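query21.pdb (PDB, C-alpha atoms)
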ATOM      1  CA  MET I1242       9.822 -14.628   1.723
ATOM      2  CA  ARG I1243       6.085 -14.656   1.179
ATOM      3  CA  LEU I1244       4.545 -15.814   4.427
ATOM      4  CA  ALA I1245       1.591 -17.400   2.664
ATOM      5  CA  ASP I1246       3.923 -19.573   0.570
ATOM      6  CA  ALA I1247       6.291 -20.511   3.409
ATOM      7  CA  THR I1248       5.965 -23.364   5.884
ATOM      8  CA  TRP I1249       6.101 -22.704   9.606
ATOM      9  CA  THR I1250       9.545 -24.319   9.727
ATOM     10  CA  ASP I1251      10.728 -21.997   6.959
ATOM     11  CA  VAL I1252       9.753 -19.047   9.121
ATOM     12  CA  ARG I1253      11.270 -20.591  12.239
ATOM     13  CA  ASP I1254      14.611 -21.067  10.486
ATOM     14  CA  ALA I1255      14.664 -17.713   8.705
ATOM     15  CA  ASP I1256      16.586 -14.640   9.785
ATOM     16  CA  VAL I1257      13.794 -12.098   9.321
ATOM     17  CA  ASP I1258      14.658  -8.460   9.854
ATOM     18  CA  VAL I1259      11.278  -6.916   9.088
ATOM     19  CA  ALA I1260       7.804  -7.771   7.874
ATOM     20  CA  PHE I1261       5.949  -5.894   5.154
ATOM     21  CA  VAL I1262       2.164  -5.986   5.485
ATOM     22  CA  PRO I1263       0.498  -4.842   2.223
ATOM     23  CA  VAL I1264      -2.746  -2.994   2.852
ATOM     24  CA  GLY I1265      -5.107  -2.057   0.057
ATOM     25  CA  SER I1266      -8.777  -1.724  -0.762
ATOM     26  CA  THR I1267     -11.492  -3.280  -2.887
ATOM     27  CA  GLU I1268     -13.100  -0.278  -4.528
ATOM     28  CA  GLN I1269     -13.981   1.234  -7.855
ATOM     29  CA  HIS I1270     -11.158   2.405 -10.090
ATOM     30  CA  GLY I1271     -13.116   3.657 -13.044
ATOM     31  CA  PRO I1272     -14.232   1.592 -16.031
ATOM     32  CA  HIS I1273     -10.687   0.521 -16.947
ATOM     33  CA  ALA I1274      -8.963  -0.654 -13.763
ATOM     34  CA  PRO I1275      -9.895  -3.494 -11.384
ATOM     35  CA  LEU I1276     -11.496  -3.122  -7.982
ATOM     36  CA  GLY I1277      -8.352  -4.627  -6.478
ATOM     37  CA  THR I1278      -6.019  -1.948  -7.862
ATOM     38  CA  ASP I1279      -4.914  -0.603  -4.477
ATOM     39  CA  THR I1280      -4.168  -4.077  -3.155
ATOM     40  CA  LEU I1281      -2.372  -5.186  -6.313
ATOM     41  CA  ASP I1282      -0.202  -2.066  -6.290
ATOM     42  CA  ALA I1283       0.597  -2.427  -2.588
ATOM     43  CA  VAL I1284       1.660  -6.047  -3.080
ATOM     44  CA  ALA I1285       3.818  -5.146  -6.099
ATOM     45  CA  VAL I1286       5.619  -2.423  -4.146
ATOM     46  CA  ALA I1287       6.016  -4.616  -1.061
ATOM     47  CA  GLU I1288       7.569  -7.452  -3.056
ATOM     48  CA  ALA I1289       9.853  -5.138  -5.032
ATOM     49  CA  GLY I1290      10.810  -3.337  -1.821
ATOM     50  CA  ALA I1291      11.629  -6.644  -0.150
ATOM     51  CA  ALA I1292      13.910  -7.588  -3.045
ATOM     52  CA  ALA I1293      15.615  -4.195  -2.910
ATOM     53  CA  TYR I1294      16.136  -4.433   0.855
ATOM     54  CA  GLU I1295      17.536  -7.953   0.636
ATOM     55  CA  ASP I1296      19.912  -6.956  -2.169
ATOM     56  CA  GLU I1297      21.178  -3.994  -0.158
ATOM     57  CA  ALA I1298      21.526  -6.097   2.984
ATOM     58  CA  ALA I1299      23.518  -8.727   1.108
ATOM     59  CA  ASP I1300      25.920  -6.096  -0.215
ATOM     60  CA  ARG I1301      26.227  -4.380   3.153
ATOM     61  CA  ASP I1302      26.716  -7.507   5.228
ATOM     62  CA  ALA I1303      28.630  -9.733   2.820
ATOM     63  CA  SER I1304      31.846  -9.250   4.783
ATOM     64  CA  GLU I1305      30.105 -10.523   7.922
ATOM     65  CA  GLY I1306      28.616 -13.551   6.192
ATOM     66  CA  ARG I1307      24.973 -12.669   6.882
ATOM     67  CA  THR I1308      22.033 -11.226   5.003
ATOM     68  CA  GLY I1309      18.734  -9.718   6.063
ATOM     69  CA  GLU I1310      15.369 -11.109   5.017
ATOM     70  CA  VAL I1311      11.901  -9.613   4.632
ATOM     71  CA  ALA I1312       8.687 -11.483   5.362
ATOM     72  CA  VAL I1313       5.918 -10.243   3.071
ATOM     73  CA  ALA I1314       2.581 -10.928   4.740
ATOM     74  CA  PRO I1315      -0.652 -11.677   2.865
ATOM     75  CA  PRO I1316      -2.415  -8.461   1.847
ATOM     76  CA  ILE I1317      -5.307  -6.910   3.708
ATOM     77  CA  PRO I1318      -7.711  -6.243   0.804
ATOM     78  CA  VAL I1319     -10.620  -4.304   2.323
ATOM     79  CA  GLY I1320     -10.058  -0.887   3.836
ATOM     80  CA  VAL I1321     -11.623   2.450   4.677
ATOM     81  CA  ALA I1322     -13.396   3.138   1.387
ATOM     82  CA  GLU I1323     -16.978   4.141   2.057
ATOM     83  CA  GLU I1324     -16.423   7.264  -0.053
ATOM     84  CA  HIS I1325     -16.703   4.990  -3.115
ATOM     85  CA  ARG I1326     -19.951   3.318  -1.992
ATOM     86  CA  ALA I1327     -21.949   4.613  -4.966
ATOM     87  CA  PHE I1328     -19.926   2.430  -7.347
ATOM     88  CA  ASP I1329     -20.796  -1.256  -7.698
ATOM     89  CA  GLY I1330     -18.461  -3.809  -6.182
ATOM     90  CA  THR I1331     -16.841  -1.466  -3.684
ATOM     91  CA  MET I1332     -16.326  -2.966  -0.225
ATOM     92  CA  TRP I1333     -15.470  -1.163   2.982
ATOM     93  CA  VAL I1334     -15.261  -1.447   6.741
ATOM     94  CA  SER I1335     -15.493   1.207   9.424
ATOM     95  CA  PRO I1336     -12.257   2.893  10.543
ATOM     96  CA  ASP I1337     -12.663   1.253  13.961
ATOM     97  CA  ALA I1338     -12.973  -2.240  12.481
ATOM     98  CA  PHE I1339     -10.063  -1.587  10.118
ATOM     99  CA  ARG I1340      -7.748  -0.329  12.853
ATOM    100  CA  ALA I1341      -8.580  -3.227  15.157
ATOM    101  CA  TYR I1342      -8.148  -5.897  12.480
ATOM    102  CA  VAL I1343      -4.885  -4.559  11.055
ATOM    103  CA  ARG I1344      -3.324  -4.032  14.479
ATOM    104  CA  GLU I1345      -4.338  -7.450  15.789
ATOM    105  CA  ALA I1346      -3.124  -9.155  12.615
ATOM    106  CA  ALA I1347       0.226  -7.399  12.918
ATOM    107  CA  GLU I1348       0.491  -8.335  16.589
ATOM    108  CA  SER I1349       0.799 -11.968  15.513
ATOM    109  CA  LEU I1350       4.275 -11.229  14.192
ATOM    110  CA  PRO I1351       6.154 -10.229  17.379
ATOM    111  CA  HIS I1352       4.902 -13.467  18.909
ATOM    112  CA  HIS I1353       7.257 -15.205  16.472
ATOM    113  CA  GLY I1354      10.134 -12.783  16.937
ATOM    114  CA  ILE I1355       9.329 -10.589  13.928
ATOM    115  CA  ASP I1356       9.046  -7.324  15.784
ATOM    116  CA  ARG I1357       9.667  -4.761  13.058
ATOM    117  CA  VAL I1358       6.711  -4.091  10.734
ATOM    118  CA  VAL I1359       6.071  -1.759   7.815
ATOM    119  CA  PHE I1360       2.501  -1.397   6.576
ATOM    120  CA  VAL I1361       2.772  -0.930   2.800
ATOM    121  CA  ASN I1362      -0.331   1.003   1.849
ATOM    122  CA  GLY I1363      -1.977   1.513  -1.520
ATOM    123  CA  HIS I1364      -5.169   3.406  -0.587
ATOM    124  CA  GLY I1365      -5.484   7.039   0.429
ATOM    125  CA  GLY I1366      -8.480   6.364   2.656
ATOM    126  CA  ASN I1367      -6.328   4.135   4.868
ATOM    127  CA  VAL I1368      -3.614   6.696   5.601
ATOM    128  CA  GLY I1369      -4.943   8.241   8.807
ATOM    129  CA  ALA I1370      -6.084   4.936  10.291
ATOM    130  CA  LEU I1371      -2.773   3.205   9.511
ATOM    131  CA  ALA I1372      -0.785   5.987  11.148
ATOM    132  CA  GLU I1373      -2.775   5.421  14.339
ATOM    133  CA  VAL I1374      -2.346   1.646  14.075
ATOM    134  CA  ALA I1375       1.429   2.053  13.795
ATOM    135  CA  ARG I1376       1.540   4.318  16.844
ATOM    136  CA  ARG I1377      -0.589   2.028  19.007
ATOM    137  CA  PHE I1378       1.324  -1.061  17.882
ATOM    138  CA  SER I1379       4.634   0.603  18.751
ATOM    139  CA  ARG I1380       3.453   1.764  22.181
ATOM    140  CA  ASP I1381       1.991  -1.600  23.212
ATOM    141  CA  SER I1382       3.810  -2.846  26.319
ATOM    142  CA  ALA I1383       2.637  -6.408  25.640
ATOM    143  CA  HIS I1384       5.333  -6.899  22.990
ATOM    144  CA  ASP I1385       8.546  -5.339  21.687
ATOM    145  CA  GLY I1386       7.161  -4.490  18.262
ATOM    146  CA  TYR I1387       7.674  -1.282  16.330
ATOM    147  CA  ALA I1388       5.731  -0.316  13.199
ATOM    148  CA  VAL I1389       5.445   2.469  10.664
ATOM    149  CA  ALA I1390       3.083   3.059   7.751
ATOM    150  CA  PHE I1391       4.323   3.679   4.193
ATOM    151  CA  THR I1392       2.095   4.813   1.314
ATOM    152  CA  TRP I1393       3.739   4.104  -2.024
ATOM    153  CA  PHE I1394       2.372   7.037  -4.020
ATOM    154  CA  GLU I1395       3.725   9.497  -1.464
ATOM    155  CA  ALA I1396       7.250   8.194  -2.112
ATOM    156  CA  VAL I1397       7.624   8.705  -5.868
ATOM    157  CA  GLY I1398       9.151  12.170  -5.954
ATOM    158  CA  GLU I1399       7.746  14.654  -8.454
ATOM    159  CA  HIS I1400       5.249  12.082  -9.727
ATOM    160  CA  ALA I1401       3.260  12.303  -6.475
ATOM    161  CA  GLY I1402       1.430  15.431  -7.633
ATOM    162  CA  ASP I1403      -0.269  13.420 -10.408
ATOM    163  CA  MET I1404      -1.845  10.853  -8.107
ATOM    164  CA  GLY I1405      -5.588  11.425  -8.667
ATOM    165  CA  HIS I1406      -7.665   8.231  -8.534
ATOM    166  CA  ALA I1407      -7.430   5.498 -11.158
ATOM    167  CA  GLY I1408      -5.440   8.140 -12.996
ATOM    168  CA  PRO I1409      -1.899   8.163 -14.383
ATOM    169  CA  LEU I1410       0.016   6.751 -11.419
ATOM    170  CA  GLU I1411      -2.188   3.844 -10.419
ATOM    171  CA  THR I1412      -2.801   2.921 -14.051
ATOM    172  CA  ALA I1413       0.899   3.142 -14.867
ATOM    173  CA  LEU I1414       1.864   0.839 -12.026
ATOM    174  CA  LEU I1415      -0.807  -1.649 -13.091
ATOM    175  CA  ARG I1416       0.433  -1.535 -16.682
ATOM    176  CA  ALA I1417       3.911  -2.387 -15.444
ATOM    177  CA  THR I1418       2.935  -5.121 -12.978
ATOM    178  CA  ASN I1419      -0.517  -6.474 -13.948
ATOM    179  CA  PRO I1420      -1.074  -5.366 -17.558
ATOM    180  CA  ASP I1421      -3.698  -8.011 -18.315
ATOM    181  CA  LEU I1422      -6.046  -6.436 -15.773
ATOM    182  CA  VAL I1423      -6.166  -3.006 -17.432
ATOM    183  CA  ARG I1424      -9.115  -2.706 -19.822
ATOM    184  CA  GLU I1425      -7.248  -0.768 -22.479
ATOM    185  CA  ASP I1426     -10.336  -0.467 -24.664
ATOM    186  CA  ARG I1427     -11.973   1.614 -21.916
ATOM    187  CA  THR I1428      -9.170   4.044 -21.132
ATOM    188  CA  GLU I1429     -10.535   6.691 -23.503
ATOM    189  CA  GLU I1430     -13.908   6.466 -21.753
ATOM    190  CA  ALA I1431     -12.114   6.761 -18.440
ATOM    191  CA  ARG I1432     -10.167   9.833 -19.571
ATOM    192  CA  GLU I1433     -13.181  11.618 -21.030
ATOM    193  CA  GLY I1434     -15.301  11.132 -17.918
ATOM    194  CA  ALA I1435     -12.590  11.920 -15.380
ATOM    195  CA  ALA I1436     -12.524  14.808 -12.934
ATOM    196  CA  ASP I1437      -9.525  17.126 -12.851
ATOM    197  CA  ARG I1438      -9.041  16.939  -9.085
ATOM    198  CA  TRP I1439     -10.262  15.094  -6.015
ATOM    199  CA  GLY I1440     -13.195  16.758  -4.257
ATOM    200  CA  GLU I1441     -15.011  20.083  -4.226
ATOM    201  CA  TRP I1442     -12.920  22.591  -2.313
ATOM    202  CA  VAL I1443     -13.976  25.836  -0.638
ATOM    203  CA  SER I1444     -11.793  27.652   1.891
ATOM    204  CA  GLY I1445      -9.548  24.617   2.202
ATOM    205  CA  VAL I1446     -12.479  22.303   2.947
ATOM    206  CA  ASN I1447     -13.659  19.435   0.750
ATOM    207  CA  LEU I1448     -17.440  19.695   0.518
ATOM    208  CA  ALA I1449     -17.795  16.282  -1.142
ATOM    209  CA  HIS I1450     -17.930  13.316   1.223
ATOM    210  CA  ASP I1451     -18.307  10.733  -1.563
ATOM    211  CA  SER I1452     -16.434  10.414  -4.834
ATOM    212  CA  ASP I1453     -19.533  10.266  -7.045
ATOM    213  CA  GLU I1454     -20.211  13.901  -6.109
ATOM    214  CA  PHE I1455     -17.345  15.069  -8.312
ATOM    215  CA  THR I1456     -16.576  12.222 -10.734
ATOM    216  CA  GLY I1457     -19.237  10.424 -12.713
ATOM    217  CA  ASN I1458     -17.109   7.424 -13.661
ATOM    218  CA  GLY I1459     -14.874   7.287 -10.582
ATOM    219  CA  VAL I1460     -11.701   8.560 -12.259
ATOM    220  CA  VAL I1461      -9.617  11.564 -11.251
ATOM    221  CA  GLY I1462      -6.793  12.379 -13.650
ATOM    222  CA  ASP I1463      -5.831  11.067 -17.073
ATOM    223  CA  PRO I1464      -5.000   7.344 -17.121
ATOM    224  CA  SER I1465      -3.512   7.673 -20.602
ATOM    225  CA  ALA I1466      -0.662   9.673 -19.035
ATOM    226  CA  GLY I1467       0.570   6.569 -17.241
ATOM    227  CA  ASP I1468       2.244   4.032 -19.504
ATOM    228  CA  ALA I1469       4.166   0.918 -18.472
ATOM    229  CA  ALA I1470       7.522   2.706 -18.660
ATOM    230  CA  ARG I1471       6.303   5.260 -16.149
ATOM    231  CA  GLY I1472       4.989   2.397 -14.041
ATOM    232  CA  GLU I1473       8.433   0.793 -13.940
ATOM    233  CA  GLU I1474       9.910   4.108 -12.825
ATOM    234  CA  LEU I1475       7.269   4.428 -10.117
ATOM    235  CA  LEU I1476       7.977   0.890  -8.934
ATOM    236  CA  ASP I1477      11.700   1.595  -8.739
ATOM    237  CA  LEU I1478      11.185   4.835  -6.814
ATOM    238  CA  ALA I1479       8.677   3.377  -4.382
ATOM    239  CA  SER I1480      10.585   0.150  -3.770
ATOM    240  CA  ASP I1481      13.865   1.977  -3.197
ATOM    241  CA  ALA I1482      12.147   4.312  -0.738
ATOM    242  CA  LEU I1483      10.574   1.347   1.032
ATOM    243  CA  ALA I1484      13.921  -0.457   1.287
ATOM    244  CA  GLU I1485      15.517   2.672   2.746
ATOM    245  CA  LEU I1486      12.699   3.003   5.266
ATOM    246  CA  ALA I1487      12.945  -0.659   6.231
ATOM    247  CA  ALA I1488      16.665  -0.305   6.899
ATOM    248  CA  ALA I1489      15.961   2.633   9.208
ATOM    249  CA  VAL I1490      13.233   0.673  11.003
ATOM    250  CA  VAL I1491      15.567  -2.291  11.519
ATOM    251  CA  GLU I1492      18.441  -0.105  12.682
ATOM    252  CA  ARG I1493      16.121   1.547  15.185
ATOM    253  CA  GLU I1494      16.021  -1.757  17.050
ATOM    254  CA  SER I1495      19.472  -1.099  18.512
ATOM    255  CA  ALA I1496      18.915   2.621  19.081
TER     256      ALA I1496
END
Could you write out this structure as structure tokens?
Amino acid sequence: MRLADATWTDVRDADVDVAFVPVGSTEQHGPHAPLGTDTLDAVAVAEAGAAAYEDEAADRDASEGRTGEVAVAPPIPVGVAEEHRAFDGTMWVSPDAFRAYVREAAESLPHHGIDRVVFVNGHGGNVGALAEVARRFSRDSAHDGYAVAFTWFEAVGEHAGDMGHAGPLETALLRATNPDLVREDRTEEAREGAADRWGEWVSGVNLAHDSDEFTGNGVVGDPSAGDAARGEELLDLASDALAELAAAVVERESA
């Protein structure tokens, strides 16, 4: 169930096990991919993960005559992305503002009895802040909520090592889920101007605070190495991992 498409009575009458809150960013993704890449990918994984969870719940609980349901919240499209500030169109908020907004938005859900939440993240810059949000949300004595943060590109097995930025993984997932938004005529430009790795590392420390210090066009990795078939595989891996996580989060309620 997409919350934005549902009526309040739909939500009242639903048997919701868990909410997925997609969290992304509006930031540069090279000359070939849209500024909303991280948000689009997070939404795609959240919706596929919800379908996978509901299918598994139906199979598991068919003998008891009940099924679980996932509420997919509207995405949060602006995150911690100041490192991309040199590239036009990028938007960002401070970590403090991000943490406060995401946590307060999520706190709306336990008020309606939806007390299990998974933040489905698509942006690396959000990872640390979301982990803190999940901890604070879960420790809040004002409600019975429990939350965890899930980042899709950390849950794709051996593919995870190719993450980069606007590189093979993000481009592949876009080609599988939002192909019309990939500027295919610019992928060669993106590949030729890309950096090989994120940052400038010395003694385990990244000397570069902003992405334009090591990539002239904003790309890290080769986007041509991520076709739609790979994107479908990534979507399957990430959504299955998300469904498994959601089941564990829901089961934790009775622990």
Practice problem: Check what the PyMOL selection byres ((chain I and resi 1491) around 12) selects in the file above and give those residues as a PyMOL selection string. | Solution: chain I and resi 1257-1260+1294+1298+1309-1311+1355-1359+1386-1389+1484-1490+1492-1496
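Counting only C-alpha atoms, the residue from I:Asp1300, I:Asp1279, I:Asp1463, I:Glu1433 that sits nearest to Pro1318 (chain I) is I:Asp1279.
In this comparison, which uses only C-alpha atoms, the residue of I:Asn1367, I:Ser1465, I:Thr1250, I:Ser1382 approaching Val1343 (chain I) most closely is I:Asn1367.
Here CA of Ala1283 (chain I) is placed at a distance of 27.4 Å from CA of Glu1441 (chain I).
Proximity of I:Asp1381, I:Glu1454, I:Glu1474, I:Glu1411 to Ala1274 (chain I), computed with only C-alpha atoms, is greatest for I:Glu1411.
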